[in-house]
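To keep things clear, I will list the structure first and then write my remarks on it.
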Amino acid sequence: MSKRSLLMIPGPIEVSPTVLEAFQGPPPSHVAPDFIEKFGRALEMMREVWCASADSQPFVIAGSGTIAMEMAVGNLLEPGQRALVVNTGYFSDRMAEMLRRRGVQLTEVGAEPGSVPSIAGIEQALDARQVDAIFATHVDTSTGVRVDAQAIAALARERGVLSVFDGVCATAGEAFEMGEWGADVYLTASQKAVGVPPGLALMVASPRALGAREALSEPPPMSVDWQQWLPIMNAYEQRQGSYFSTPATNLVEALHTSLSEILVYERGGQHGTQQGISARVAAHTAAADAMRAAWSRMGLEIFPQSPELAANTLSAVMYPEGVGPELLADINKRGVIVAGGLYPGRKQTYFRVGHMGHVVTEPELLLQTVRAVAEALVENGHDTDVGEAVSAAAERL
Ligand code: PMP
């Protein structure tokens, strides 16, 4: 078998060798004692990785990030209720469309591509029209911008409304203190910074969010209904097998392994040694800084309008003059796969490089990526010094 290229797109991503091992092998039964233990423990570890309170509720179901979004929308709101969407790109548009399909009345607050709406702008929209919930995309994978989730959650608390964050391209790679910040739902999928192959929809819900489901008179579709899933999650946490709909057993075992790996991860830094999720987020921050230093040394601009808005988990990088999407194949030829643009109308103007999960703990994989991009740029006639670009990243890792 030929060695496969390094997968540096914004999900799915490279998983660690231990996660790969946990995922392989014959499918376990959903009621095998060993599986029950791992599922129960994975649910407990989700609270730690999400920095969520002890009374919050994790959910793990077979599915994608889109299913997780559907679960949040359907359990929190019903037709006729109102929501505000902080719109930062492609995946916020998707959230808005889902809410519309649920019959929810929408207010959208947008921003220039590559930017985020101001908190004052969101406040004004809330002054103009009361809502029941605020939805935001923590990191929008189409533009690489990150919203200020803490400020949005605080605003929601102040107004007594729910806050929901799509963390598909953020969870376990960006700081998010669910309990401390008072957020109500933080959802994601397994294939990004959580570090597992695709196939699991994951989220943690606050007691307020569970209360919103209880108050609904129009329940969501059965397959995503928290009231169907709650007894199942409770049973596994109490180390009892249970059944509503078959869990993706191999993936749940991989999730158990990946969350364990995240929580034992240690990293030395300016403020001593960090461990667990804060260390893992710090590793993502360092990786993002290193990648941005390399882009800058290559003379490349990023899509986010300022470096403070740029996510830890991916880079959205503008093609330099005279270079276009043909660059991707030349990077690929060098054993690294990156992704094209995604923002509607701008797809041909930039490319995206994922730097999340296991790879942020392996500097040589990040440097391999920088080298491949720099060499491909040179091949395409862009004047850059490959060695300097690699050093600019290496200095920060
Ligand atoms: N939200 C965000 C921010 C995403 O990046 C993605 C996937 N790229 C999704 C939602 C949808 O996830 P999935 O493709 O697993 O349905």
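Within each chain, counting starts at residue 1; across the structure tokens, chains are named A, B, ... in the order shown, with ligands numbered 1 upward in that order.
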Neighbours of ligand 1 within 10 Å, counting only C-alpha atoms and all ligand atoms, as an MDAnalysis selection string?
chainID A and resid 9:12 63:70 88:95 136:142 144 165:171 187:192 198:201 342
Could you produce a table of the residues of range 13-71 of chain A lying within 8 Å of range 237-246 of chain A, with the nearest pair of atoms per residue and their separation in Å rounded to one decimal, using only C-alpha atoms, ordered by chain and increasing residue number, as JSON lines?
```
{"residue": "A:His30", "atom": "CA", "partner": "A:Gly241", "partner_atom": "CA", "distance": 7.0}
{"residue": "A:Val31", "atom": "CA", "partner": "A:Gly241", "partner_atom": "CA", "distance": 4.8}
{"residue": "A:Ala32", "atom": "CA", "partner": "A:Gly241", "partner_atom": "CA", "distance": 7.6}
{"residue": "A:Pro33", "atom": "CA", "partner": "A:Gly241", "partner_atom": "CA", "distance": 7.9}
{"residue": "A:Ile36", "atom": "CA", "partner": "A:Arg239", "partner_atom": "CA", "distance": 5.8}
{"residue": "A:Glu37", "atom": "CA", "partner": "A:Arg239", "partner_atom": "CA", "distance": 5.9}
{"residue": "A:Phe39", "atom": "CA", "partner": "A:Glu237", "partner_atom": "CA", "distance": 7.5}
{"residue": "A:Gly40", "atom": "CA", "partner": "A:Glu237", "partner_atom": "CA", "distance": 4.1}
{"residue": "A:Arg41", "atom": "CA", "partner": "A:Glu237", "partner_atom": "CA", "distance": 7.0}
{"residue": "A:Leu43", "atom": "CA", "partner": "A:Glu237", "partner_atom": "CA", "distance": 6.8}
{"residue": "A:Glu44", "atom": "CA", "partner": "A:Glu237", "partner_atom": "CA", "distance": 7.3}
```
Name the residues in contact with range 107-109 of chain A at a cut-off of 7 Å, using only C-alpha atoms, excluding same-chain residues fewer than 4 positions from it; report them as an MDAnalysis selection string.
chainID A and resid 83:87 117 122
Run DSSP on the backbone and tell me which residues of range 74-299 of chain A come out as strand (DSSP E or B); list them as a PyMOL selection string.
chain A and resi 82-86+105-109+133-137+139-140+145-146+162-166+171+174+185-189+200-205+266-269+272-275
Near Arg208 in chain A, counting only C-alpha atoms, which residues have an atom at most 7 Å away, once you skip same-chain residues fewer than 3 positions from it, shown as a PyMOL selection string?
chain A and resi 184+211-212
Test item, helix (DSSP H, G or I) assignment across range 127-283 of chain A, answer as number ranges by chain
A: 127-128, 149-159, 178-181, 207-215, 222-224, 226-237, 249-264, 277-283
Take the residues that were just selected and, keeping C-alpha atoms, output them as a PDB file, in the first residue's frame.
```
ATOM      1  CA  ASP A 127     -33.215  45.760  21.142  1.00  0.00           C
ATOM      2  CA  ALA A 128     -35.171  45.927  17.903  1.00  0.00           C
ATOM      3  CA  ALA A 149     -18.272  33.256  21.999  1.00  0.00           C
ATOM      4  CA  GLN A 150     -17.791  34.428  25.573  1.00  0.00           C
ATOM      5  CA  ALA A 151     -19.255  37.880  24.835  1.00  0.00           C
ATOM      6  CA  ILE A 152     -22.170  36.415  22.856  1.00  0.00           C
ATOM      7  CA  ALA A 153     -22.971  33.925  25.646  1.00  0.00           C
ATOM      8  CA  ALA A 154     -22.797  36.758  28.216  1.00  0.00           C
ATOM      9  CA  LEU A 155     -25.160  38.887  26.142  1.00  0.00           C
ATOM     10  CA  ALA A 156     -27.599  35.987  25.867  1.00  0.00           C
ATOM     11  CA  ARG A 157     -27.540  35.480  29.650  1.00  0.00           C
ATOM     12  CA  GLU A 158     -28.098  39.196  30.211  1.00  0.00           C
ATOM     13  CA  ARG A 159     -31.164  39.076  27.947  1.00  0.00           C
ATOM     14  CA  MET A 178     -19.272  26.261  28.543  1.00  0.00           C
ATOM     15  CA  GLY A 179     -20.093  26.317  32.268  1.00  0.00           C
ATOM     16  CA  GLU A 180     -18.256  29.518  33.125  1.00  0.00           C
ATOM     17  CA  TRP A 181     -19.618  31.454  30.146  1.00  0.00           C
ATOM     18  CA  PRO A 207     -30.206  22.397  32.095  1.00  0.00           C
ATOM     19  CA  ARG A 208     -31.901  25.497  30.580  1.00  0.00           C
ATOM     20  CA  ALA A 209     -31.609  23.940  27.127  1.00  0.00           C
ATOM     21  CA  LEU A 210     -33.164  20.675  28.375  1.00  0.00           C
ATOM     22  CA  GLY A 211     -35.948  22.777  29.919  1.00  0.00           C
ATOM     23  CA  ALA A 212     -36.622  24.359  26.514  1.00  0.00           C
ATOM     24  CA  ARG A 213     -37.175  20.883  25.028  1.00  0.00           C
ATOM     25  CA  GLU A 214     -39.622  20.010  27.811  1.00  0.00           C
ATOM     26  CA  ALA A 215     -41.606  23.157  27.078  1.00  0.00           C
ATOM     27  CA  MET A 222     -37.783  11.224  16.845  1.00  0.00           C
ATOM     28  CA  SER A 223     -34.230  10.390  15.708  1.00  0.00           C
ATOM     29  CA  VAL A 224     -32.863  13.665  17.133  1.00  0.00           C
ATOM     30  CA  TRP A 226     -33.389  14.690  23.363  1.00  0.00           C
ATOM     31  CA  GLN A 227     -36.272  13.064  25.216  1.00  0.00           C
ATOM     32  CA  GLN A 228     -35.617   9.800  23.338  1.00  0.00           C
ATOM     33  CA  TRP A 229     -31.877  10.024  23.909  1.00  0.00           C
ATOM     34  CA  LEU A 230     -31.746  11.270  27.493  1.00  0.00           C
ATOM     35  CA  PRO A 231     -32.577   7.913  29.132  1.00  0.00           C
ATOM     36  CA  ILE A 232     -29.976   6.248  26.894  1.00  0.00           C
ATOM     37  CA  MET A 233     -27.213   8.708  27.806  1.00  0.00           C
ATOM     38  CA  ASN A 234     -28.166   8.425  31.493  1.00  0.00           C
ATOM     39  CA  ALA A 235     -28.068   4.634  31.336  1.00  0.00           C
ATOM     40  CA  TYR A 236     -24.587   4.545  29.802  1.00  0.00           C
ATOM     41  CA  GLU A 237     -23.299   7.044  32.360  1.00  0.00           C
ATOM     42  CA  THR A 249     -19.892   1.471  18.403  1.00  0.00           C
ATOM     43  CA  ASN A 250     -16.423   1.576  16.783  1.00  0.00           C
ATOM     44  CA  LEU A 251     -16.574   5.357  16.681  1.00  0.00           C
ATOM     45  CA  VAL A 252     -17.661   5.626  20.304  1.00  0.00           C
ATOM     46  CA  GLU A 253     -14.595   3.562  21.237  1.00  0.00           C
ATOM     47  CA  ALA A 254     -12.428   5.907  19.154  1.00  0.00           C
ATOM     48  CA  LEU A 255     -14.074   8.881  20.887  1.00  0.00           C
ATOM     49  CA  HIS A 256     -13.236   7.369  24.259  1.00  0.00           C
ATOM     50  CA  THR A 257      -9.594   7.042  23.206  1.00  0.00           C
ATOM     51  CA  SER A 258      -9.332  10.520  21.702  1.00  0.00           C
ATOM     52  CA  LEU A 259     -10.919  12.292  24.681  1.00  0.00           C
ATOM     53  CA  SER A 260      -8.621  10.332  27.022  1.00  0.00           C
ATOM     54  CA  GLU A 261      -5.632  11.445  24.945  1.00  0.00           C
ATOM     55  CA  ILE A 262      -6.767  15.095  25.042  1.00  0.00           C
ATOM     56  CA  LEU A 263      -7.232  15.016  28.816  1.00  0.00           C
ATOM     57  CA  VAL A 264      -3.791  13.572  29.605  1.00  0.00           C
ATOM     58  CA  ILE A 277      -8.021  20.676  27.368  1.00  0.00           C
ATOM     59  CA  SER A 278      -6.235  23.947  28.212  1.00  0.00           C
ATOM     60  CA  ALA A 279      -2.912  22.425  27.082  1.00  0.00           C
ATOM     61  CA  ARG A 280      -4.534  21.104  23.928  1.00  0.00           C
ATOM     62  CA  VAL A 281      -6.051  24.511  23.109  1.00  0.00           C
ATOM     63  CA  ALA A 282      -2.657  26.145  23.763  1.00  0.00           C
ATOM     64  CA  ALA A 283      -1.092  23.713  21.269  1.00  0.00           C
TER      65      ALA A 283
END
```
Skip range 347-350 of chain A itself and residues of its chain fewer than 3 positions away, then list as a list in words all residues within 9 Å of it, counting only C-alpha atoms.
Ile302, Phe303, Ala316, Val317, Met318, Tyr319, Pro320, Gly324, Pro325, Gly340, Gly341, Leu342, Tyr343 and Pro344 of chain A
Could those selected residues go to a file with all heavy atoms, as a short mmCIF file (atom, residue, chain, number, x, y, z; two decimals), in the first residue's frame?
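As written to disk, result06.cif reads:
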```cif
data_model
loop_
_atom_site.label_atom_id
_atom_site.label_comp_id
_atom_site.auth_asym_id
_atom_site.auth_seq_id
_atom_site.Cartn_x
_atom_site.Cartn_y
_atom_site.Cartn_z
N ILE A 302 -4.27 36.63 4.63
CA ILE A 302 -5.30 35.67 5.06
C ILE A 302 -6.69 36.28 4.84
O ILE A 302 -6.83 37.50 4.73
CB ILE A 302 -5.12 35.24 6.53
CG1 ILE A 302 -5.08 36.43 7.50
CG2 ILE A 302 -3.85 34.38 6.67
CD1 ILE A 302 -5.09 36.03 8.97
N PHE A 303 -7.70 35.42 4.76
CA PHE A 303 -9.08 35.87 4.51
C PHE A 303 -9.61 36.68 5.70
O PHE A 303 -10.23 37.75 5.49
CB PHE A 303 -9.96 34.63 4.22
CG PHE A 303 -11.28 34.91 3.58
CD1 PHE A 303 -11.62 34.33 2.36
CD2 PHE A 303 -12.22 35.73 4.20
CE1 PHE A 303 -12.87 34.58 1.76
CE2 PHE A 303 -13.47 35.98 3.63
CZ PHE A 303 -13.78 35.41 2.41
N ALA A 316 -7.40 30.32 6.33
CA ALA A 316 -7.97 30.60 5.01
C ALA A 316 -7.02 31.61 4.38
O ALA A 316 -6.88 32.73 4.87
CB ALA A 316 -9.37 31.16 5.15
N VAL A 317 -6.32 31.19 3.33
CA VAL A 317 -5.19 31.96 2.79
C VAL A 317 -5.49 32.39 1.35
O VAL A 317 -5.88 31.56 0.52
CB VAL A 317 -3.90 31.09 2.80
CG1 VAL A 317 -2.68 31.93 2.45
CG2 VAL A 317 -3.69 30.41 4.15
N MET A 318 -5.31 33.68 1.07
CA MET A 318 -5.57 34.19 -0.27
C MET A 318 -4.46 33.74 -1.24
O MET A 318 -3.28 33.74 -0.87
CB MET A 318 -5.60 35.74 -0.28
CG MET A 318 -6.48 36.39 0.78
SD MET A 318 -8.16 35.76 0.88
CE MET A 318 -8.83 36.27 -0.70
N TYR A 319 -4.85 33.38 -2.47
CA TYR A 319 -3.82 33.10 -3.49
C TYR A 319 -3.11 34.41 -3.81
O TYR A 319 -3.76 35.45 -3.92
CB TYR A 319 -4.46 32.58 -4.78
CG TYR A 319 -5.12 31.23 -4.66
CD1 TYR A 319 -6.49 31.08 -4.86
CD2 TYR A 319 -4.36 30.09 -4.36
CE1 TYR A 319 -7.10 29.84 -4.75
CE2 TYR A 319 -4.97 28.84 -4.26
CZ TYR A 319 -6.34 28.72 -4.45
OH TYR A 319 -6.93 27.50 -4.35
N PRO A 320 -1.79 34.36 -3.96
CA PRO A 320 -1.11 35.59 -4.38
C PRO A 320 -1.38 35.87 -5.86
O PRO A 320 -1.89 34.99 -6.57
CB PRO A 320 0.37 35.26 -4.13
CG PRO A 320 0.46 33.78 -4.24
CD PRO A 320 -0.87 33.22 -3.81
N GLY A 324 -3.65 30.51 -8.71
CA GLY A 324 -5.06 30.19 -8.48
C GLY A 324 -5.22 28.77 -7.98
O GLY A 324 -4.24 28.14 -7.53
N PRO A 325 -6.43 28.23 -8.10
CA PRO A 325 -6.72 26.91 -7.54
C PRO A 325 -5.85 25.76 -8.06
O PRO A 325 -5.81 24.70 -7.45
CB PRO A 325 -8.19 26.69 -7.92
CG PRO A 325 -8.75 28.07 -8.10
CD PRO A 325 -7.63 28.90 -8.63
N GLY A 340 -9.81 23.78 -1.06
CA GLY A 340 -10.10 25.02 -1.78
C GLY A 340 -10.97 25.94 -0.94
O GLY A 340 -11.33 25.63 0.21
N GLY A 341 -11.34 27.08 -1.51
CA GLY A 341 -12.21 28.04 -0.82
C GLY A 341 -13.64 27.51 -0.74
O GLY A 341 -14.01 26.57 -1.44
N LEU A 342 -14.44 28.11 0.13
CA LEU A 342 -15.83 27.64 0.32
C LEU A 342 -16.82 28.80 0.36
O LEU A 342 -18.01 28.60 0.15
CB LEU A 342 -15.89 26.83 1.64
CG LEU A 342 -17.19 26.11 1.99
CD1 LEU A 342 -17.53 25.06 0.94
CD2 LEU A 342 -17.07 25.43 3.37
N TYR A 343 -16.34 30.01 0.61
CA TYR A 343 -17.27 31.13 0.77
C TYR A 343 -17.91 31.44 -0.59
O TYR A 343 -17.20 31.64 -1.58
CB TYR A 343 -16.54 32.36 1.30
CG TYR A 343 -17.48 33.43 1.78
CD1 TYR A 343 -17.93 33.43 3.09
CD2 TYR A 343 -17.95 34.42 0.90
CE1 TYR A 343 -18.82 34.41 3.53
CE2 TYR A 343 -18.84 35.39 1.34
CZ TYR A 343 -19.27 35.38 2.65
OH TYR A 343 -20.15 36.33 3.08
N PRO A 344 -19.26 31.47 -0.64
CA PRO A 344 -19.93 31.69 -1.93
C PRO A 344 -19.41 32.94 -2.65
O PRO A 344 -19.28 34.00 -2.05
CB PRO A 344 -21.41 31.87 -1.52
CG PRO A 344 -21.53 31.19 -0.19
CD PRO A 344 -20.20 31.34 0.49
#
```
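Going from CA of Ala310 in chain A to CA of Val145 in chain A covers 4.9 Å.
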I'd like the neighbourhood of Glu362 in chain A as a PDB file with N, CA and C atoms, in the first residue's frame, where a residue qualifies if any of its atoms comes within 10 Å (using only C-alpha atoms), though same-chain residues fewer than 5 positions away should be ignored.
```
ATOM      1  N   ALA A 283      -1.832  24.301  22.397  1.00  0.00           N
ATOM      2  CA  ALA A 283      -1.092  23.713  21.269  1.00  0.00           C
ATOM      3  C   ALA A 283      -1.715  24.160  19.940  1.00  0.00           C
ATOM      4  N   ALA A 287       0.140  26.378  17.078  1.00  0.00           N
ATOM      5  CA  ALA A 287       0.174  25.887  15.693  1.00  0.00           C
ATOM      6  C   ALA A 287      -0.359  26.963  14.746  1.00  0.00           C
ATOM      7  N   GLY A 357      -6.451  19.058  15.894  1.00  0.00           N
ATOM      8  CA  GLY A 357      -6.360  17.673  16.345  1.00  0.00           C
ATOM      9  C   GLY A 357      -4.915  17.252  16.541  1.00  0.00           C
ATOM     10  N   LEU A 367       5.276  21.512   9.702  1.00  0.00           N
ATOM     11  CA  LEU A 367       6.367  22.039   8.871  1.00  0.00           C
ATOM     12  C   LEU A 367       6.366  21.398   7.484  1.00  0.00           C
ATOM     13  N   LEU A 397       7.097  26.886  17.182  1.00  0.00           N
ATOM     14  CA  LEU A 397       6.546  25.586  17.620  1.00  0.00           C
ATOM     15  C   LEU A 397       7.360  24.968  18.753  1.00  0.00           C
TER      16      LEU A 397
END
```
Using only C-alpha atoms, determine which residues lie at most 9 Å from Leu20 in chain A, disregarding the query and same-chain residues fewer than 4 positions distant; provide the list as an MDAnalysis selection string.
chainID A and resid 15:16 24 196:197 254
Save the residues we just selected, N, CA and C atoms, as a compact mmCIF listing (two decimals), in the first residue's frame?
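The result, stored in result.txt:
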```txt
# COMPACT_ATOMS: atom_id res chain seq x y z
N VAL A 15 -6.04 11.34 12.29
CA VAL A 15 -6.27 10.98 13.70
C VAL A 15 -4.99 10.36 14.24
N SER A 16 -4.86 10.32 15.57
CA SER A 16 -3.62 9.81 16.16
C SER A 16 -3.56 8.29 15.95
N GLN A 24 -10.30 0.61 14.67
CA GLN A 24 -10.26 -0.60 13.84
C GLN A 24 -10.74 -1.81 14.63
N VAL A 196 -11.45 12.25 15.77
CA VAL A 196 -12.01 10.91 15.52
C VAL A 196 -12.46 10.88 14.05
N PRO A 197 -12.54 9.72 13.40
CA PRO A 197 -13.09 9.72 12.04
C PRO A 197 -14.53 10.27 12.01
N ALA A 254 -13.46 4.95 19.60
CA ALA A 254 -12.43 5.91 19.15
C ALA A 254 -12.59 7.23 19.90
```
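When only C-alpha atoms are used to compute distances to Met46 in chain A, the closest of the residues A:Ala376, A:Ala339, A:Ala205, A:Met291 turns out to be A:Ala205.
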